[in-house]
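Q: Please see the structure below; I have some questions.
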Amino acid sequence: MGKKSKYQNLENEDDNNKTIKANYHFPQMVKMVFPEYGQTINRKKYKNIIWFQLLILIVMFSGVLIFSQGFLLTRRALENDNKCNLIKQGNLWNQKFNNITNSIQIEYNQSNVEETCWYPRRYKKAVILIIDALRFDFMNWEDDPKKIDPYYSNKLTVIHKLLTKQPNNSLQFLFKSDPPTTTMQRLKGLHTGTLPTFIDAGKNFAAESITEDNLIKKIVDNGKKIKFMGDDTWMGLFGDYLDEKSIPCDSLNVWDLYSVDNKIKENLFPSLRQKEKDWDVLVAHFLGVDHCGHRYNPSNEHMDSKLNEMNSVIENVIEEIDDDTLLVIFGDHGMSTEGDHGGESLDELNAGLFLYNKKGFFDENYNKKYFEEFLKELKPIEIETENEAFRTIPQIDYASTLALLLGLPIPFQNIGTIIPELFWYPSPYGNNEKIEANILQNIMEALRINTFQIQNFVDTYYESNKKTRDLYNERYEILEKRLNMFIENHKEGKFDDDIEELKSIILEYISYNRQTLHSFRQVWATFNVPLFTFGFIILILAIICEIIYISSEHNVVEFNLTHHFWFPVGCGSIFTLLIDYGIFDKVVKSLFNVVITFEPYQMILGGFSFGACVGYIISYIIKSNGRKSIINHLKSVIYDNTFELFPLILIFGHGFLMNSDSYIIYEDSITQYVLQSFGIYLIYRAFLQQLPQVRNKMITYSVIFMVLIRISSYYDLCRVEKTGKCKTTFKTSIPNYFLFFVSLAFFPYILKKIMKENFHNASKYIIKYLIPCGLILAAIYWGIDTLEELNGISKNLEFLINMKFNVARYGYTIIPILSLGVWAFFPITFDSKVEPSKNMSKNILNFYGIKNHLGSSYLLFLAIIIMSIIQVSKPISSLNIVLCFCSFMCVMEIFALEKECQELMNSAETLWNSKPREEKKILLEKSSEELLNEVSKKGGSSNPNSNAVIENADPNKYIYTFKTKNGSYMRISHKEMLDISYKNISSSFNVPLSYVTLTSFLTLHIFFRTSHQATLQSIDWSLAFIGQKELNFVKAGFNLILNILSGPIIGCFFVPLLVFWKQETTNNNEKPMVKSISKAFIKYSLAYSVSQVFSIISAGNHKRHLMLWSVFAPRYMIGGITLCFIPLLCLVATFIIIIMVRGVNKHLKKIEEVNNKLSINK
Ligand SMILES: [Zn+2]
Ligand SMILES: [Zn+2]
């Protein structure tokens, strides 16, 4: 295309044009006089953007907060540790409790700690066989022939045999698990004696290892040895406590039914047969039954052989153990009829528990009838009582029971109760005649320790909540008072005549424990459905408000404080009061029959947000007078310049599909395909343009865009769900570091290339010096980091580690702050010089790079932010950030081209319409002839509509043919075309929804391609430590935010560039510009928020879904965080723009003053 030659004539007309000529393909109006800007830019206009953004920020924040309060079950994980000296062992009359109110230090003799801890131990050793997914009916003997399944019923014959032949030595229970029924959560629950929740908000909730007090820790801390074999989930959870002799086996291969179990069997029996045993507690975790369920289903011949195998294992183990060993066999959860687990169906919750001891659990002379009577009275107190034949025991009881039986302290957070059957033997301290009295004394002693421990935990947990704490304390004191009275009455320790009193005290203690468990279940494991529904109603209202804002004509410029601010704020306040006085609650209760209880801050935030949104909608309805105008406004969202249905379908389609778990799992690839199809859409848009030069350039940029997206999609971080189908390519390696290095070198180069017309002042300093400096620091830091991770750093290179630390500590702070400082004080990217004109008659003030100075200045800011993000991102993530930055630049150029073409076409049409009718007629006839001649001379196509530009065409002769808006054709000569100025800037300021939607998908793309996924495991916590030796929460938070939210940060800060880039700014168009910036922000917020709000709603919808905690909940968390951050970032960006415009104005004023002085002097 001979574009340069084409404009030669025009450029010769005035030589001051020369500074601009290379830049633009279409003639610009050149201002010979001082530009109009700089005189009175009214910053109030920018302020008006802030109000609405602030409102959206508050509403989004409260929506997310209130939803989370109702949805996220959080339990504070306390790191306290129960030690031996908390309780001094003894009988009811001399036992000492060392709690806060009664702080006696109990001294323990180190040598006999294991013998005397809390409670006299019953068993010296324990063998624990965990058969993963052993459902209760796999263990239980079935007599009813109708219920017998040929493959899994009555296979564990040894258990049935023991229960019938040695009833004193064997116990069977239905072992009820708490959901979620996954192995890891179950093991956590079983060994801490508490309820696992999704987030155990503690010191390091990301790591899977248990930091809370647990049974395994108690065993090891008290000098006992534990030997473990089987499922390697254990190593992740308890790895710090298990010794090297443990034999973990890979648990991931679900298809493998035998190798884990065989390996256990190889090691189990030798360990049991050892003369000098190297263990006190032996744990074997079998996986075959679980894997058989996953691979086939429970009712399958493989299950038959697997259970038979387990049966013989149990038989052999029983032969090997001695009298002092307790044998425990249980399933950590059940399995559904399909063989899976994780959910809350009865089949998944009901596991089996079997206990066996050769000595016997009950004293031979015990009164069986009395015992059965006792259990009967216990039943109403217990929570689960569904099985008549066997008692139901919650799995939470395991930790406390086992701890006391082995003579260990109970883990600190335990809220389970000891299983009374296992304590049905006379107290070692007992001196009553009746054996029942001694047995009851034994239970009382164990139970009192148990209850004291629970009370101690409650006291600590509710330390800051005095009201709840006092409530528990009061009830506990009543219990203790009654027991103390009983002790007072029987000072000698004899109470044969009063055993019924002790029995009823025992039942009361158990009842207290169970009530505590029940209320903690309420707090930790029950969704507050009305509250979270209220949360997402607020979010949906926020989206409606955004749509109204975009569609309503009367925004920002004609900013109406009443409509946009006071009315919503007023409604919000009234609503808060309504909730405060309980009126809202009553209305909701009578209408929907649901009760909402609010905490004070929920009331204020939620009430205000709800009211403000409703207020905004009402004020819109009042203002728009009539349904017709509302429909028109909504139409304008869809038809904004061009047809915008495509982006709307994408936004809402993406949102609705958030309801599917596999859609969320594959969201990264879906985002990539959406972006590729956007590339096609941009090409389609290119073909809508009538100027071939614009069209060709747009197509080129679109293709580059698609290629960049494809390359960046190569890098993938796989979700667990995609194992086997995907390969993680984010790895530390030398080639990857090399690629990173190349991209670092490329970044300033591309910046310089994009800004070549504006490479003056600030951009020169920043692009030439500061940004390369920052990137070199990043290269050094990640270079050393790569070396360290790959080979480790040898002794003589240790100074490198110090260097890495200092680079991050000082360099990472100084360079970004310095760059931002330079930019904020001097955001000038144009140059002005007083030069003699060509005929030397006078001096003229020339501006270089004035047209795009706001755009380039803003881009400079974005570049500094990207540099800071690169510093805290791992090499491959940085590479992808640079690639995505380039795709952003393509989008920006494409839009600038489209805008330019649009403006030109508008001007051409105005010109054409202003021509007298006669002239038009002549032109239409004459020009087509001329054009045909011209084309045939060149031997090209003779189509007059092709608008092909012919080299060296005479600008007076060559004529363009364009389609006007009403469908007819207009003919404009080349000369006229070149003369059309940009005087009448029109609606082309408006950023179409499609570009903003594209930006929002690119935002998501950055998130996925910088080694993130919507899972908690994907967060790289090591980044928090960049530049610090000890964790500083502010810095760590800053690093993590820059890293995790790099997508929203870049995307949000990019949005104003769509408006600024290559857009001349004079006072006349300042107003529409502010308007379109604020609209663009809200459009972006809408495009990005819809899918995030839907991700939240789908998490709420699927609260009983199997994949809730692995798929929906993490996606909602990411969505929730970005929902709050997007309006916040929009606000920040607005302030940045204000700083920039202010800096530019100051500078222009200075030039103006100098200029005035010069002209006066002349
Ligand atoms: Zn399991
Ligand atoms: Zn499983």
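The way I read the labels, and the way they are meant: chains A, B, ... in the order of the structure tokens, residue 1 as the first residue of every chain, and ligand 1 as the first ligand shown, with later ones counted on from there.
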Give me, as CSV, each residue of chain A that comes within 7 Å of ligand 1, together with its shortest interatomic pair and the distance in Å at one decimal, counting only C-alpha atoms and all ligand atoms, with rows ordered by chain and rising residue number.
A:
residue,atom,partner,partner_atom_place_in_ligand_line,distance
A:Asp132,CA,ligand 1,1 (Zn),4.5
A:Ala133,CA,ligand 1,1 (Zn),5.2
A:Thr182,CA,ligand 1,1 (Zn),5.7
A:Thr183,CA,ligand 1,1 (Zn),3.6
A:Asp290,CA,ligand 1,1 (Zn),6.7
A:Asp332,CA,ligand 1,1 (Zn),5.3
A:His333,CA,ligand 1,1 (Zn),6.0
Q: Using only C-alpha atoms and all ligand atoms, which residues have at least one atom no more than 10 Å from ligand 2? Output them as a PyMOL selection string.
A: chain A and resi 132-133+181-184+251-252+254+287-295+332-335+339-342
Q: Quote the spacing between atom CA of Ser259 of chain A and atom CA of Asp304 of chain A in Å to one decimal place.
A: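 Atom-to-atom, atom CA of Ser259 of chain A to atom CA of Asp304 of chain A, that is 17.4 Å.
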Q: Just the residues within 10 Å of Asn696 of chain A, please, counting only C-alpha atoms, with nothing from its chain fewer than 4 positions along; format it as an mmCIF file with N, CA, C and O atoms, in the first residue's frame.
A:
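Generated file (result_26.cif):
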data_model
loop_
_atom_site.group_PDB
_atom_site.id
_atom_site.type_symbol
_atom_site.label_atom_id
_atom_site.label_comp_id
_atom_site.auth_asym_id
_atom_site.auth_seq_id
_atom_site.Cartn_x
_atom_site.Cartn_y
_atom_site.Cartn_z
ATOM 1 N N ILE A 683 -12.021 -10.317 12.969
ATOM 2 C CA ILE A 683 -11.827 -10.337 11.519
ATOM 3 C C ILE A 683 -13.143 -9.981 10.827
ATOM 4 O O ILE A 683 -13.178 -9.199 9.879
ATOM 5 N N ALA A 686 -13.526 -6.468 10.961
ATOM 6 C CA ALA A 686 -12.629 -5.827 10.008
ATOM 7 C C ALA A 686 -13.304 -5.726 8.644
ATOM 8 O O ALA A 686 -13.221 -4.699 7.972
ATOM 9 N N PHE A 687 -14.041 -6.772 8.278
ATOM 10 C CA PHE A 687 -14.688 -6.744 6.962
ATOM 11 C C PHE A 687 -15.839 -5.753 6.907
ATOM 12 O O PHE A 687 -16.308 -5.406 5.831
ATOM 13 N N GLN A 689 -15.470 -2.746 7.859
ATOM 14 C CA GLN A 689 -14.862 -1.445 7.606
ATOM 15 C C GLN A 689 -14.753 -1.221 6.099
ATOM 16 O O GLN A 689 -14.441 -2.132 5.348
ATOM 17 N N LEU A 691 -12.734 1.070 4.594
ATOM 18 C CA LEU A 691 -11.435 1.499 4.088
ATOM 19 C C LEU A 691 -10.481 0.304 4.062
ATOM 20 O O LEU A 691 -10.252 -0.331 5.090
ATOM 21 N N PRO A 692 -9.962 -0.009 2.915
ATOM 22 C CA PRO A 692 -9.139 -1.224 2.810
ATOM 23 C C PRO A 692 -7.902 -1.193 3.697
ATOM 24 O O PRO A 692 -7.518 -2.224 4.246
ATOM 25 N N THR A 700 -4.570 -8.157 10.149
ATOM 26 C CA THR A 700 -3.223 -8.527 10.590
ATOM 27 C C THR A 700 -3.159 -8.618 12.110
ATOM 28 O O THR A 700 -2.693 -9.612 12.669
ATOM 29 N N TYR A 701 -3.669 -7.569 12.761
ATOM 30 C CA TYR A 701 -3.626 -7.575 14.232
ATOM 31 C C TYR A 701 -4.442 -8.728 14.810
ATOM 32 O O TYR A 701 -4.037 -9.345 15.796
ATOM 33 N N SER A 702 -5.575 -9.011 14.190
ATOM 34 C CA SER A 702 -6.408 -10.110 14.711
ATOM 35 C C SER A 702 -5.660 -11.429 14.627
ATOM 36 O O SER A 702 -5.722 -12.244 15.547
#
Q: I want to know what sits within 8 Å of Ile66 of chain A, based on only C-alpha atoms, with residues of the same chain fewer than 4 positions away left out; could you give that as a ChimeraX atom specification?
A: /A:62,70,531-532,534-535,602,606
Q: Output all heavy atoms for every residue in the selection just made, as an mmCIF file, in the first residue's frame.
A:
data_model
loop_
_atom_site.group_PDB
_atom_site.id
_atom_site.type_symbol
_atom_site.label_atom_id
_atom_site.label_comp_id
_atom_site.auth_asym_id
_atom_site.auth_seq_id
_atom_site.Cartn_x
_atom_site.Cartn_y
_atom_site.Cartn_z
ATOM 1 N N SER A 62 -20.427 -6.147 50.101
ATOM 2 C CA SER A 62 -21.352 -6.675 51.107
ATOM 3 C C SER A 62 -22.030 -7.940 50.609
ATOM 4 O O SER A 62 -22.274 -8.846 51.399
ATOM 5 C CB SER A 62 -22.409 -5.659 51.537
ATOM 6 O OG SER A 62 -22.348 -4.502 50.809
ATOM 7 N N GLY A 70 -22.820 -16.910 55.237
ATOM 8 C CA GLY A 70 -23.816 -17.972 55.301
ATOM 9 C C GLY A 70 -23.309 -19.270 54.732
ATOM 10 O O GLY A 70 -23.859 -20.327 54.996
ATOM 11 N N LEU A 531 -29.334 -16.483 54.818
ATOM 12 C CA LEU A 531 -28.307 -15.435 54.783
ATOM 13 C C LEU A 531 -27.585 -15.440 53.438
ATOM 14 O O LEU A 531 -27.393 -14.397 52.815
ATOM 15 C CB LEU A 531 -27.310 -15.640 55.926
ATOM 16 C CG LEU A 531 -26.432 -14.436 56.230
ATOM 17 C CD1 LEU A 531 -27.266 -13.276 56.724
ATOM 18 C CD2 LEU A 531 -25.367 -14.781 57.249
ATOM 19 N N PHE A 532 -27.197 -16.621 52.955
ATOM 20 C CA PHE A 532 -26.458 -16.573 51.695
ATOM 21 C C PHE A 532 -27.358 -16.278 50.499
ATOM 22 O O PHE A 532 -26.907 -15.710 49.519
ATOM 23 C CB PHE A 532 -25.484 -17.754 51.517
ATOM 24 C CG PHE A 532 -25.996 -19.090 51.077
ATOM 25 C CD1 PHE A 532 -26.673 -19.252 49.888
ATOM 26 C CD2 PHE A 532 -25.712 -20.217 51.838
ATOM 27 C CE1 PHE A 532 -27.096 -20.497 49.476
ATOM 28 C CE2 PHE A 532 -26.127 -21.471 51.427
ATOM 29 C CZ PHE A 532 -26.834 -21.604 50.244
ATOM 30 N N PHE A 534 -29.714 -14.077 50.675
ATOM 31 C CA PHE A 534 -29.721 -12.611 50.744
ATOM 32 C C PHE A 534 -28.456 -12.057 50.081
ATOM 33 O O PHE A 534 -28.521 -11.079 49.336
ATOM 34 C CB PHE A 534 -29.795 -12.184 52.211
ATOM 35 C CG PHE A 534 -29.966 -10.698 52.413
ATOM 36 C CD1 PHE A 534 -31.041 -10.028 51.850
ATOM 37 C CD2 PHE A 534 -29.057 -9.987 53.171
ATOM 38 C CE1 PHE A 534 -31.205 -8.666 52.038
ATOM 39 C CE2 PHE A 534 -29.213 -8.625 53.372
ATOM 40 C CZ PHE A 534 -30.292 -7.966 52.794
ATOM 41 N N GLY A 535 -27.329 -12.729 50.314
ATOM 42 C CA GLY A 535 -26.067 -12.299 49.702
ATOM 43 C C GLY A 535 -26.147 -12.290 48.196
ATOM 44 O O GLY A 535 -25.797 -11.315 47.550
ATOM 45 N N GLN A 602 -23.548 -7.087 59.373
ATOM 46 C CA GLN A 602 -24.295 -7.600 58.224
ATOM 47 C C GLN A 602 -25.516 -6.743 57.972
ATOM 48 O O GLN A 602 -25.900 -6.475 56.840
ATOM 49 C CB GLN A 602 -24.740 -9.037 58.480
ATOM 50 C CG GLN A 602 -23.619 -10.031 58.456
ATOM 51 C CD GLN A 602 -24.039 -11.364 59.039
ATOM 52 O OE1 GLN A 602 -25.095 -11.494 59.645
ATOM 53 N NE2 GLN A 602 -23.197 -12.356 58.860
ATOM 54 N N GLY A 606 -25.413 -5.081 54.528
ATOM 55 C CA GLY A 606 -26.418 -5.729 53.692
ATOM 56 C C GLY A 606 -27.633 -4.847 53.500
ATOM 57 O O GLY A 606 -28.110 -4.673 52.378
#
Q: For segment 392-409 of chain A, list every protein, DNA or RNA residue within 7 Å, evaluated using only C-alpha atoms, and leave out those in the same chain fewer than 3 positions away; present the list as a PDB file with N, CA, C and O atoms, in the first residue's frame.
A:
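The resulting part.pdb:
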ATOM      1  N   ASN A  82      -2.538 -30.370  74.241  1.00  0.00           N
ATOM      2  CA  ASN A  82      -2.818 -30.884  75.583  1.00  0.00           C
ATOM      3  C   ASN A  82      -1.631 -31.677  76.106  1.00  0.00           C
ATOM      4  O   ASN A  82      -1.192 -32.631  75.477  1.00  0.00           O
ATOM      5  N   LYS A  83      -1.135 -31.255  77.281  1.00  0.00           N
ATOM      6  CA  LYS A  83       0.031 -31.932  77.852  1.00  0.00           C
ATOM      7  C   LYS A  83      -0.408 -32.754  79.068  1.00  0.00           C
ATOM      8  O   LYS A  83      -1.494 -32.566  79.616  1.00  0.00           O
ATOM      9  N   CYS A  84       0.505 -33.631  79.465  1.00  0.00           N
ATOM     10  CA  CYS A  84       0.217 -34.478  80.619  1.00  0.00           C
ATOM     11  C   CYS A  84      -0.141 -33.669  81.860  1.00  0.00           C
ATOM     12  O   CYS A  84      -1.027 -34.029  82.624  1.00  0.00           O
ATOM     13  N   GLU A 114       4.474 -41.946  80.786  1.00  0.00           N
ATOM     14  CA  GLU A 114       3.562 -42.747  79.978  1.00  0.00           C
ATOM     15  C   GLU A 114       2.615 -43.574  80.846  1.00  0.00           C
ATOM     16  O   GLU A 114       1.516 -43.886  80.425  1.00  0.00           O
ATOM     17  N   GLU A 115       3.029 -43.887  82.031  1.00  0.00           N
ATOM     18  CA  GLU A 115       2.167 -44.690  82.896  1.00  0.00           C
ATOM     19  C   GLU A 115       1.077 -43.846  83.539  1.00  0.00           C
ATOM     20  O   GLU A 115      -0.003 -44.324  83.804  1.00  0.00           O
ATOM     21  N   CYS A 117      -0.311 -40.696  82.713  1.00  0.00           N
ATOM     22  CA  CYS A 117      -0.911 -39.543  82.051  1.00  0.00           C
ATOM     23  C   CYS A 117      -2.433 -39.569  82.131  1.00  0.00           C
ATOM     24  O   CYS A 117      -3.071 -40.483  81.616  1.00  0.00           O
ATOM     25  N   TRP A 118      -2.997 -38.597  82.760  1.00  0.00           N
ATOM     26  CA  TRP A 118      -4.440 -38.364  82.821  1.00  0.00           C
ATOM     27  C   TRP A 118      -5.266 -39.518  83.397  1.00  0.00           C
ATOM     28  O   TRP A 118      -6.020 -39.336  84.318  1.00  0.00           O
ATOM     29  N   TYR A 119      -5.084 -40.707  82.801  1.00  0.00           N
ATOM     30  CA  TYR A 119      -5.960 -41.817  83.146  1.00  0.00           C
ATOM     31  C   TYR A 119      -5.153 -43.100  83.025  1.00  0.00           C
ATOM     32  O   TYR A 119      -4.361 -43.225  82.099  1.00  0.00           O
ATOM     33  N   PRO A 120      -5.318 -44.047  83.965  1.00  0.00           N
ATOM     34  CA  PRO A 120      -4.497 -45.270  83.900  1.00  0.00           C
ATOM     35  C   PRO A 120      -4.767 -46.047  82.620  1.00  0.00           C
ATOM     36  O   PRO A 120      -5.917 -46.297  82.294  1.00  0.00           O
ATOM     37  N   ARG A 121      -3.694 -46.359  81.895  1.00  0.00           N
ATOM     38  CA  ARG A 121      -3.941 -46.966  80.590  1.00  0.00           C
ATOM     39  C   ARG A 121      -4.421 -48.399  80.733  1.00  0.00           C
ATOM     40  O   ARG A 121      -4.077 -49.108  81.677  1.00  0.00           O
ATOM     41  N   ARG A 122      -5.220 -48.804  79.772  1.00  0.00           N
ATOM     42  CA  ARG A 122      -5.811 -50.129  79.801  1.00  0.00           C
ATOM     43  C   ARG A 122      -5.013 -51.093  78.927  1.00  0.00           C
ATOM     44  O   ARG A 122      -4.889 -52.260  79.247  1.00  0.00           O
ATOM     45  N   TYR A 123      -4.520 -50.572  77.779  1.00  0.00           N
ATOM     46  CA  TYR A 123      -3.815 -51.441  76.833  1.00  0.00           C
ATOM     47  C   TYR A 123      -2.426 -50.904  76.571  1.00  0.00           C
ATOM     48  O   TYR A 123      -2.229 -49.703  76.415  1.00  0.00           O
ATOM     49  N   LYS A 124      -1.450 -51.821  76.506  1.00  0.00           N
ATOM     50  CA  LYS A 124      -0.089 -51.390  76.238  1.00  0.00           C
ATOM     51  C   LYS A 124       0.105 -51.113  74.751  1.00  0.00           C
ATOM     52  O   LYS A 124       0.859 -50.238  74.360  1.00  0.00           O
ATOM     53  N   PHE A 173     -19.822 -51.799  66.151  1.00  0.00           N
ATOM     54  CA  PHE A 173     -20.642 -50.581  66.119  1.00  0.00           C
ATOM     55  C   PHE A 173     -20.865 -50.134  64.685  1.00  0.00           C
ATOM     56  O   PHE A 173     -20.086 -50.457  63.796  1.00  0.00           O
ATOM     57  N   LEU A 174     -21.938 -49.385  64.546  1.00  0.00           N
ATOM     58  CA  LEU A 174     -22.082 -48.648  63.289  1.00  0.00           C
ATOM     59  C   LEU A 174     -21.301 -47.353  63.494  1.00  0.00           C
ATOM     60  O   LEU A 174     -21.563 -46.605  64.442  1.00  0.00           O
ATOM     61  N   PHE A 175     -20.343 -47.131  62.630  1.00  0.00           N
ATOM     62  CA  PHE A 175     -19.381 -46.055  62.846  1.00  0.00           C
ATOM     63  C   PHE A 175     -19.733 -44.918  61.896  1.00  0.00           C
ATOM     64  O   PHE A 175     -19.419 -44.950  60.716  1.00  0.00           O
ATOM     65  N   LYS A 176     -20.412 -43.927  62.429  1.00  0.00           N
ATOM     66  CA  LYS A 176     -21.002 -42.891  61.573  1.00  0.00           C
ATOM     67  C   LYS A 176     -19.993 -41.772  61.308  1.00  0.00           C
ATOM     68  O   LYS A 176     -19.483 -41.160  62.244  1.00  0.00           O
ATOM     69  N   SER A 177     -19.741 -41.505  60.013  1.00  0.00           N
ATOM     70  CA  SER A 177     -18.771 -40.434  59.729  1.00  0.00           C
ATOM     71  C   SER A 177     -19.481 -39.122  59.462  1.00  0.00           C
ATOM     72  O   SER A 177     -20.657 -39.079  59.119  1.00  0.00           O
ATOM     73  N   GLY A 189     -10.548 -35.816  60.835  1.00  0.00           N
ATOM     74  CA  GLY A 189     -11.602 -35.822  61.849  1.00  0.00           C
ATOM     75  C   GLY A 189     -11.371 -36.885  62.910  1.00  0.00           C
ATOM     76  O   GLY A 189     -11.482 -36.629  64.102  1.00  0.00           O
ATOM     77  N   LEU A 190     -11.027 -38.088  62.461  1.00  0.00           N
ATOM     78  CA  LEU A 190     -10.839 -39.200  63.391  1.00  0.00           C
ATOM     79  C   LEU A 190      -9.737 -38.904  64.395  1.00  0.00           C
ATOM     80  O   LEU A 190      -9.867 -39.217  65.580  1.00  0.00           O
ATOM     81  N   HIS A 191      -8.666 -38.288  63.936  1.00  0.00           N
ATOM     82  CA  HIS A 191      -7.511 -38.159  64.812  1.00  0.00           C
ATOM     83  C   HIS A 191      -7.455 -36.862  65.605  1.00  0.00           C
ATOM     84  O   HIS A 191      -6.708 -36.752  66.557  1.00  0.00           O
ATOM     85  N   THR A 192      -8.245 -35.876  65.178  1.00  0.00           N
ATOM     86  CA  THR A 192      -8.292 -34.657  65.996  1.00  0.00           C
ATOM     87  C   THR A 192      -9.513 -34.676  66.892  1.00  0.00           C
ATOM     88  O   THR A 192      -9.607 -33.889  67.826  1.00  0.00           O
ATOM     89  N   GLY A 193     -10.480 -35.518  66.568  1.00  0.00           N
ATOM     90  CA  GLY A 193     -11.699 -35.576  67.368  1.00  0.00           C
ATOM     91  C   GLY A 193     -12.582 -34.367  67.159  1.00  0.00           C
ATOM     92  O   GLY A 193     -13.322 -33.953  68.044  1.00  0.00           O
ATOM     93  N   THR A 194     -12.486 -33.783  65.956  1.00  0.00           N
ATOM     94  CA  THR A 194     -13.343 -32.631  65.706  1.00  0.00           C
ATOM     95  C   THR A 194     -13.903 -32.738  64.296  1.00  0.00           C
ATOM     96  O   THR A 194     -13.692 -33.723  63.603  1.00  0.00           O
ATOM     97  N   LEU A 215      -4.241 -37.257  67.706  1.00  0.00           N
ATOM     98  CA  LEU A 215      -3.933 -38.501  68.408  1.00  0.00           C
ATOM     99  C   LEU A 215      -2.524 -38.997  68.079  1.00  0.00           C
ATOM    100  O   LEU A 215      -1.792 -39.448  68.973  1.00  0.00           O
ATOM    101  N   LYS A 218      -0.067 -37.117  69.982  1.00  0.00           N
ATOM    102  CA  LYS A 218      -0.092 -37.516  71.390  1.00  0.00           C
ATOM    103  C   LYS A 218       0.692 -38.803  71.593  1.00  0.00           C
ATOM    104  O   LYS A 218       1.421 -38.948  72.570  1.00  0.00           O
ATOM    105  N   ILE A 219       0.533 -39.735  70.661  1.00  0.00           N
ATOM    106  CA  ILE A 219       1.231 -41.014  70.793  1.00  0.00           C
ATOM    107  C   ILE A 219       2.748 -40.776  70.776  1.00  0.00           C
ATOM    108  O   ILE A 219       3.482 -41.258  71.638  1.00  0.00           O
ATOM    109  N   GLU A 384     -27.343 -40.280  67.220  1.00  0.00           N
ATOM    110  CA  GLU A 384     -27.745 -41.272  66.219  1.00  0.00           C
ATOM    111  C   GLU A 384     -28.156 -42.559  66.923  1.00  0.00           C
ATOM    112  O   GLU A 384     -27.394 -43.123  67.686  1.00  0.00           O
ATOM    113  N   THR A 385     -29.361 -42.989  66.626  1.00  0.00           N
ATOM    114  CA  THR A 385     -29.830 -44.226  67.255  1.00  0.00           C
ATOM    115  C   THR A 385     -30.607 -45.053  66.255  1.00  0.00           C
ATOM    116  O   THR A 385     -31.612 -45.647  66.575  1.00  0.00           O
ATOM    117  N   ASN A 387     -29.819 -47.816  64.340  1.00  0.00           N
ATOM    118  CA  ASN A 387     -29.730 -49.263  64.274  1.00  0.00           C
ATOM    119  C   ASN A 387     -30.070 -49.884  65.618  1.00  0.00           C
ATOM    120  O   ASN A 387     -29.502 -49.531  66.644  1.00  0.00           O
ATOM    121  N   ASN A 414     -10.636 -31.957  70.670  1.00  0.00           N
ATOM    122  CA  ASN A 414     -11.629 -33.022  70.646  1.00  0.00           C
ATOM    123  C   ASN A 414     -12.962 -32.562  71.218  1.00  0.00           C
ATOM    124  O   ASN A 414     -13.023 -31.911  72.260  1.00  0.00           O
ATOM    125  N   GLY A 416     -15.497 -35.102  70.943  1.00  0.00           N
ATOM    126  CA  GLY A 416     -16.169 -36.391  71.006  1.00  0.00           C
ATOM    127  C   GLY A 416     -16.205 -36.907  72.437  1.00  0.00           C
ATOM    128  O   GLY A 416     -15.528 -36.387  73.326  1.00  0.00           O
ATOM    129  N   THR A 417     -17.011 -37.925  72.663  1.00  0.00           N
ATOM    130  CA  THR A 417     -17.173 -38.499  74.002  1.00  0.00           C
ATOM    131  C   THR A 417     -16.648 -39.930  73.988  1.00  0.00           C
ATOM    132  O   THR A 417     -16.772 -40.620  72.979  1.00  0.00           O
ATOM    133  N   ILE A 418     -16.091 -40.349  75.107  1.00  0.00           N
ATOM    134  CA  ILE A 418     -15.596 -41.718  75.187  1.00  0.00           C
ATOM    135  C   ILE A 418     -16.741 -42.712  74.977  1.00  0.00           C
ATOM    136  O   ILE A 418     -17.888 -42.436  75.342  1.00  0.00           O
ATOM    137  N   ILE A 419     -16.409 -43.843  74.375  1.00  0.00           N
ATOM    138  CA  ILE A 419     -17.422 -44.885  74.154  1.00  0.00           C
ATOM    139  C   ILE A 419     -17.560 -45.675  75.457  1.00  0.00           C
ATOM    140  O   ILE A 419     -16.612 -46.337  75.884  1.00  0.00           O
TER     141      ILE A 419
END
Q: Which residues, written as a PyMOL selection string, have at least one atom at most 12 Å from segment 579-582 of chain A, with only C-alpha atoms counted and residues fewer than 5 positions away on the same chain left out?
A: chain A and resi 572-574+587-589+595-608+610-611
Q: With only C-alpha atoms as the counted atoms, please give the residues lying no more than 9 Å from Phe527 of chain A, apart from itself and same-chain residues fewer than 3 positions off, as a list of chain:residue names.
A: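 Near Phe527 of chain A, the qualifying residues are A:Gly70, A:Phe71, A:Leu72, A:Leu73, A:Gln522, A:Val523, A:Trp524, A:Pro530, A:Leu531, A:Phe532, A:Lys1103.
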Q: With distances taken over only C-alpha atoms, which of A:Ser868, A:Leu78, A:Pro180, A:Tyr370 is nearest to Ser345 of chain A?
A: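 Between A:Ser868, A:Leu78, A:Pro180, A:Tyr370, the residue approaching Ser345 of chain A most closely is A:Pro180.
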